[in-house]
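To be precise, the following lines are final.pdb, and they hold PDB, C-alpha atoms.
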```pdb
ATOM      1  CA  MET C   1      20.029 -17.281 -14.046
ATOM      2  CA  SER C   2      22.771 -19.818 -13.645
ATOM      3  CA  ASN C   3      25.264 -17.562 -11.842
ATOM      4  CA  GLY C   4      23.610 -18.085  -8.451
ATOM      5  CA  LYS C   5      21.964 -14.640  -8.368
ATOM      6  CA  LEU C   6      18.272 -14.082  -7.867
ATOM      7  CA  ARG C   7      16.135 -13.335 -10.877
ATOM      8  CA  GLU C   8      16.015  -9.623 -11.529
ATOM      9  CA  THR C   9      12.200  -9.497 -11.752
ATOM     10  CA  ASN C  10       9.392 -11.083  -9.787
ATOM     11  CA  GLU C  11       5.751 -10.254  -9.118
ATOM     12  CA  MET C  12       2.725 -11.339  -7.129
ATOM     13  CA  GLU C  13      -0.881 -10.282  -6.679
ATOM     14  CA  ILE C  14      -3.393 -10.862  -3.912
ATOM     15  CA  ILE C  15      -7.032  -9.810  -3.790
ATOM     16  CA  PHE C  16      -8.670  -9.773  -0.374
ATOM     17  CA  ASP C  17     -11.764  -8.500   1.418
ATOM     18  CA  ALA C  18     -11.667  -4.875   2.564
ATOM     19  CA  VAL C  19     -11.868  -5.713   6.255
ATOM     20  CA  SER C  20      -9.476  -4.410   8.889
ATOM     21  CA  GLU C  21      -8.093  -7.816   9.910
ATOM     22  CA  ASN C  22      -6.609  -8.194   6.405
ATOM     23  CA  GLU C  23      -4.330  -5.176   6.892
ATOM     24  CA  GLY C  24      -1.908  -7.331   8.895
ATOM     25  CA  PHE C  25      -2.100 -10.059   6.258
ATOM     26  CA  ALA C  26      -1.096  -7.558   3.553
ATOM     27  CA  ARG C  27       1.880  -6.366   5.626
ATOM     28  CA  VAL C  28       3.171  -9.897   6.171
ATOM     29  CA  ALA C  29       2.591 -10.924   2.537
ATOM     30  CA  VAL C  30       4.661  -8.013   1.218
ATOM     31  CA  ALA C  31       7.389  -8.579   3.825
ATOM     32  CA  ALA C  32       7.617 -12.248   2.810
ATOM     33  CA  PHE C  33       7.643 -11.337  -0.882
ATOM     34  CA  MET C  34      10.574  -8.955  -0.514
ATOM     35  CA  THR C  35      12.795 -11.340   1.502
ATOM     36  CA  GLY C  36      14.533 -12.543  -1.660
ATOM     37  CA  LEU C  37      16.182  -9.117  -1.864
ATOM     38  CA  ASN C  38      17.737  -9.623   1.579
ATOM     39  CA  PRO C  39      16.349  -6.324   2.933
ATOM     40  CA  THR C  40      17.449  -4.813   6.219
ATOM     41  CA  LEU C  41      15.037  -4.894   9.144
ATOM     42  CA  GLU C  42      14.591  -1.142   8.699
ATOM     43  CA  GLU C  43      13.657  -1.574   5.020
ATOM     44  CA  VAL C  44      11.138  -4.297   5.876
ATOM     45  CA  SER C  45       9.658  -2.120   8.608
ATOM     46  CA  ASP C  46       9.421   0.899   6.279
ATOM     47  CA  VAL C  47       7.645  -1.083   3.558
ATOM     48  CA  LYS C  48       5.296  -2.781   6.032
ATOM     49  CA  THR C  49       4.323   0.604   7.504
ATOM     50  CA  ALA C  50       3.620   2.106   4.067
ATOM     51  CA  VAL C  51       1.583  -0.942   2.984
ATOM     52  CA  SER C  52      -0.363  -0.817   6.236
ATOM     53  CA  GLU C  53      -1.271   2.830   5.636
ATOM     54  CA  ALA C  54      -2.285   2.249   2.007
ATOM     55  CA  VAL C  55      -4.429  -0.790   2.811
ATOM     56  CA  THR C  56      -6.035   0.928   5.801
ATOM     57  CA  ASN C  57      -6.882   3.926   3.592
ATOM     58  CA  ALA C  58      -8.506   1.621   1.030
ATOM     59  CA  ILE C  59     -10.611  -0.069   3.716
ATOM     60  CA  ILE C  60     -11.597   2.995   5.740
ATOM     61  CA  HIS C  61     -11.774   5.721   3.113
ATOM     62  CA  GLY C  62     -12.383   3.725  -0.056
ATOM     63  CA  TYR C  63     -15.109   1.507   1.322
ATOM     64  CA  GLY C  64     -16.016   2.989   4.699
ATOM     65  CA  PHE C  65     -14.882  -0.296   6.304
ATOM     66  CA  GLY C  66     -16.677  -2.173   3.505
ATOM     67  CA  ILE C  67     -19.394  -3.373   5.865
ATOM     68  CA  LYS C  68     -22.844  -2.002   5.275
ATOM     69  CA  GLU C  69     -26.066  -3.913   5.605
ATOM     70  CA  ASN C  70     -27.103  -5.648   2.374
ATOM     71  CA  GLU C  71     -23.933  -4.479   0.634
ATOM     72  CA  GLU C  72     -21.090  -6.610  -0.637
ATOM     73  CA  ILE C  73     -17.743  -6.233   1.070
ATOM     74  CA  GLY C  74     -15.316  -4.461  -1.238
ATOM     75  CA  LYS C  75     -12.056  -5.960  -2.421
ATOM     76  CA  VAL C  76      -8.515  -4.631  -2.156
ATOM     77  CA  ARG C  77      -6.020  -5.575  -4.856
ATOM     78  CA  LEU C  78      -2.394  -5.743  -3.765
ATOM     79  CA  HIS C  79       0.125  -6.108  -6.574
ATOM     80  CA  CYS C  80       3.877  -6.228  -5.950
ATOM     81  CA  SER C  81       6.737  -6.376  -8.377
ATOM     82  CA  ILE C  82      10.460  -6.450  -7.930
ATOM     83  CA  GLU C  83      12.824  -5.307 -10.621
ATOM     84  CA  LYS C  84      16.484  -5.560  -9.704
ATOM     85  CA  ASN C  85      16.497  -3.987  -6.224
ATOM     86  CA  VAL C  86      13.324  -1.872  -6.476
ATOM     87  CA  ILE C  87      10.024  -3.010  -5.002
ATOM     88  CA  ARG C  88       6.854  -1.500  -6.462
ATOM     89  CA  ILE C  89       3.616  -1.985  -4.568
ATOM     90  CA  SER C  90       0.173  -1.102  -5.869
ATOM     91  CA  VAL C  91      -2.830  -1.003  -3.525
ATOM     92  CA  GLU C  92      -6.117  -0.551  -5.345
ATOM     93  CA  ASP C  93      -9.752  -0.313  -4.336
ATOM     94  CA  LYS C  94     -12.958   0.163  -6.315
ATOM     95  CA  GLY C  95     -14.437   2.418  -3.651
ATOM     96  CA  VAL C  96     -15.622   6.012  -3.564
ATOM     97  CA  GLY C  97     -12.427   7.593  -4.914
ATOM     98  CA  ILE C  98     -10.737  10.784  -3.775
ATOM     99  CA  GLU C  99     -12.199  14.111  -4.826
ATOM    100  CA  ASP C 100      -8.998  16.133  -4.311
ATOM    101  CA  VAL C 101      -5.838  13.986  -4.214
ATOM    102  CA  HIS C 102      -3.533  16.927  -3.420
ATOM    103  CA  LYS C 103      -5.688  17.930  -0.436
ATOM    104  CA  ALA C 104      -5.950  14.312   0.744
ATOM    105  CA  MET C 105      -2.153  14.032   0.747
ATOM    106  CA  GLU C 106      -1.697  17.061   3.015
ATOM    107  CA  PRO C 107      -0.490  16.089   6.507
ATOM    108  CA  LEU C 108      -3.267  16.109   9.124
ATOM    109  CA  PHE C 109      -6.059  16.170   6.506
ATOM    110  CA  THR C 110      -8.714  13.537   7.154
ATOM    111  CA  THR C 111     -12.221  12.905   5.910
ATOM    112  CA  LYS C 112     -12.941  10.711   8.954
ATOM    113  CA  PRO C 113     -12.226  12.835  12.063
ATOM    114  CA  GLU C 114     -15.019  11.019  13.913
ATOM    115  CA  LEU C 115     -12.903   7.858  13.695
ATOM    116  CA  GLU C 116      -9.951   9.690  15.247
ATOM    117  CA  ARG C 117      -7.928   9.360  12.043
ATOM    118  CA  SER C 118      -4.679  11.327  12.233
ATOM    119  CA  GLY C 119      -4.559  12.350   8.581
ATOM    120  CA  MET C 120      -0.942  11.189   8.394
ATOM    121  CA  GLY C 121      -1.332   8.109   6.170
ATOM    122  CA  PHE C 122       0.071   9.614   2.981
ATOM    123  CA  ALA C 123       2.747  11.497   4.946
ATOM    124  CA  PHE C 124       3.939   8.203   6.472
ATOM    125  CA  MET C 125       3.928   6.549   3.045
ATOM    126  CA  GLU C 126       6.032   9.407   1.650
ATOM    127  CA  ALA C 127       8.413   9.274   4.622
ATOM    128  CA  PHE C 128       9.083   5.531   4.309
ATOM    129  CA  MET C 129       9.056   5.057   0.532
ATOM    130  CA  ASP C 130      11.044   6.673  -2.282
ATOM    131  CA  THR C 131       7.968   7.535  -4.353
ATOM    132  CA  VAL C 132       4.230   7.613  -3.732
ATOM    133  CA  GLN C 133       1.781   8.127  -6.582
ATOM    134  CA  VAL C 134      -1.977   8.325  -6.138
ATOM    135  CA  TYR C 135      -4.464   7.816  -8.964
ATOM    136  CA  SER C 136      -8.130   8.271  -8.179
ATOM    137  CA  VAL C 137     -11.468   8.776  -9.897
ATOM    138  CA  VAL C 138     -14.504   9.708  -7.812
ATOM    139  CA  GLY C 139     -16.988   6.847  -7.829
ATOM    140  CA  GLU C 140     -14.488   4.410  -9.375
ATOM    141  CA  GLY C 141     -11.739   3.953  -6.808
ATOM    142  CA  THR C 142      -8.148   4.694  -5.965
ATOM    143  CA  ARG C 143      -4.751   3.164  -6.715
ATOM    144  CA  VAL C 144      -1.716   4.006  -4.602
ATOM    145  CA  VAL C 145       1.669   3.049  -6.066
ATOM    146  CA  LEU C 146       4.633   2.870  -3.692
ATOM    147  CA  GLU C 147       8.263   2.345  -4.702
ATOM    148  CA  LYS C 148      11.411   1.786  -2.703
ATOM    149  CA  MET C 149      14.956   0.962  -3.737
ATOM    150  CA  LEU C 150      16.426  -1.580  -1.347
ATOM    151  CA  GLY C 151      20.082  -1.734  -0.390
ATOM    152  CA  LYS C 152      20.819   1.942  -1.069
ATOM    153  CA  ASP C 153      23.070   2.075   1.989
ATOM    154  CA  CYS C 154      25.112  -0.856   0.655
ATOM    155  CA  GLU C 155      26.096   0.733  -2.649
TER     156      GLU C 155
END
```

Step by step, read the file and then write its structure as structure tokens.
Amino acid sequence: MSNGKLRETNEMEIIFDAVSENEGFARVAVAAFMTGLNPTLEEVSDVKTAVSEAVTNAIIHGYGFGIKENEEIGKVRLHCSIEKNVIRISVEDKGVGIEDVHKAMEPLFTTKPELERSGMGFAFMEAFMDTVQVYSVVGEGTRVVLEKMLGKDCE
């Protein structure tokens, strides 16, 4: 655009190993990607928290940390798009999938109590984002789609 405004659409995709140290990388990558929208610190924090929860779920629940002897480390696909002032984030794994998505999204529900998981991942995502959609097939993986409109308080 020649009027000095940012383009109305933009997208990026990153594929990384399903290891816990990459959770921070995903948070920072999404935060950097959304800076063109001039988000508030609160908006950046909200999105980073939701991304952190989605990526952690992919690593811990999708792949069981992805580290098993003689087994390849799984991959997490992070896709982000911006259209006007809405950021859409997709976090996808090719792990074990979720048997009952509705049950998994209930606050305090966890399939990994031995790891002291709080069962609040989806609840946090829903609290910090405008929409959260979960698509999953047992044995094929899970895709979590998060959306947030930025600048709502400015309109």

Show me the residues around (2.8, -8.7, -5.8) - criterion: an atom at most 12 Å away, all atoms listed in the file counted - as a count of residues only. 30

For Tyr63 (chain C), work out the shell of residues within 9 Å, counting all atoms listed in the file and skipping chain neighbours fewer than 3 positions away, then give it as a list in words. Ala18, Asn57, Ala58, Ile59, Ile60, Gly66, Ile67, Ile73, Gly74, Lys75, Asp93, Lys94, Gly95 and Val96 of chain C

Which one of C:Val134, C:Leu37, C:Met129, C:Val86 sits closest to His102 (chain C) if you count only C-alpha atoms?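 Distance minimum relative to His102 (chain C) lands on C:Val134.
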
Counting only C-alpha atoms, select every polymer residue within 12 Å of (3.3, 7.5, -2.6) as defined in the file's coordinates, and provide the selection as a VMD selection string. chain C and resid 47 50 to 51 53 to 54 88 to 91 101 to 102 104 to 105 121 to 135 143 to 148

Which distance in Å separates CA of His61 (chain C) and CA of Glu106 (chain C), to one decimal?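 About the pair CA of His61 (chain C) and CA of Glu106 (chain C): they are 15.2 Å apart.
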
How many Å separate CA of Val137 (chain C) from CA of Thr49 (chain C)? 24.9 Å

Expressed in Å to a single decimal, how great is the separation between CA of Glu43 (chain C) and CA of Leu150 (chain C)?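 Between CA of Glu43 (chain C) and CA of Leu150 (chain C) the gap is 6.9 Å.
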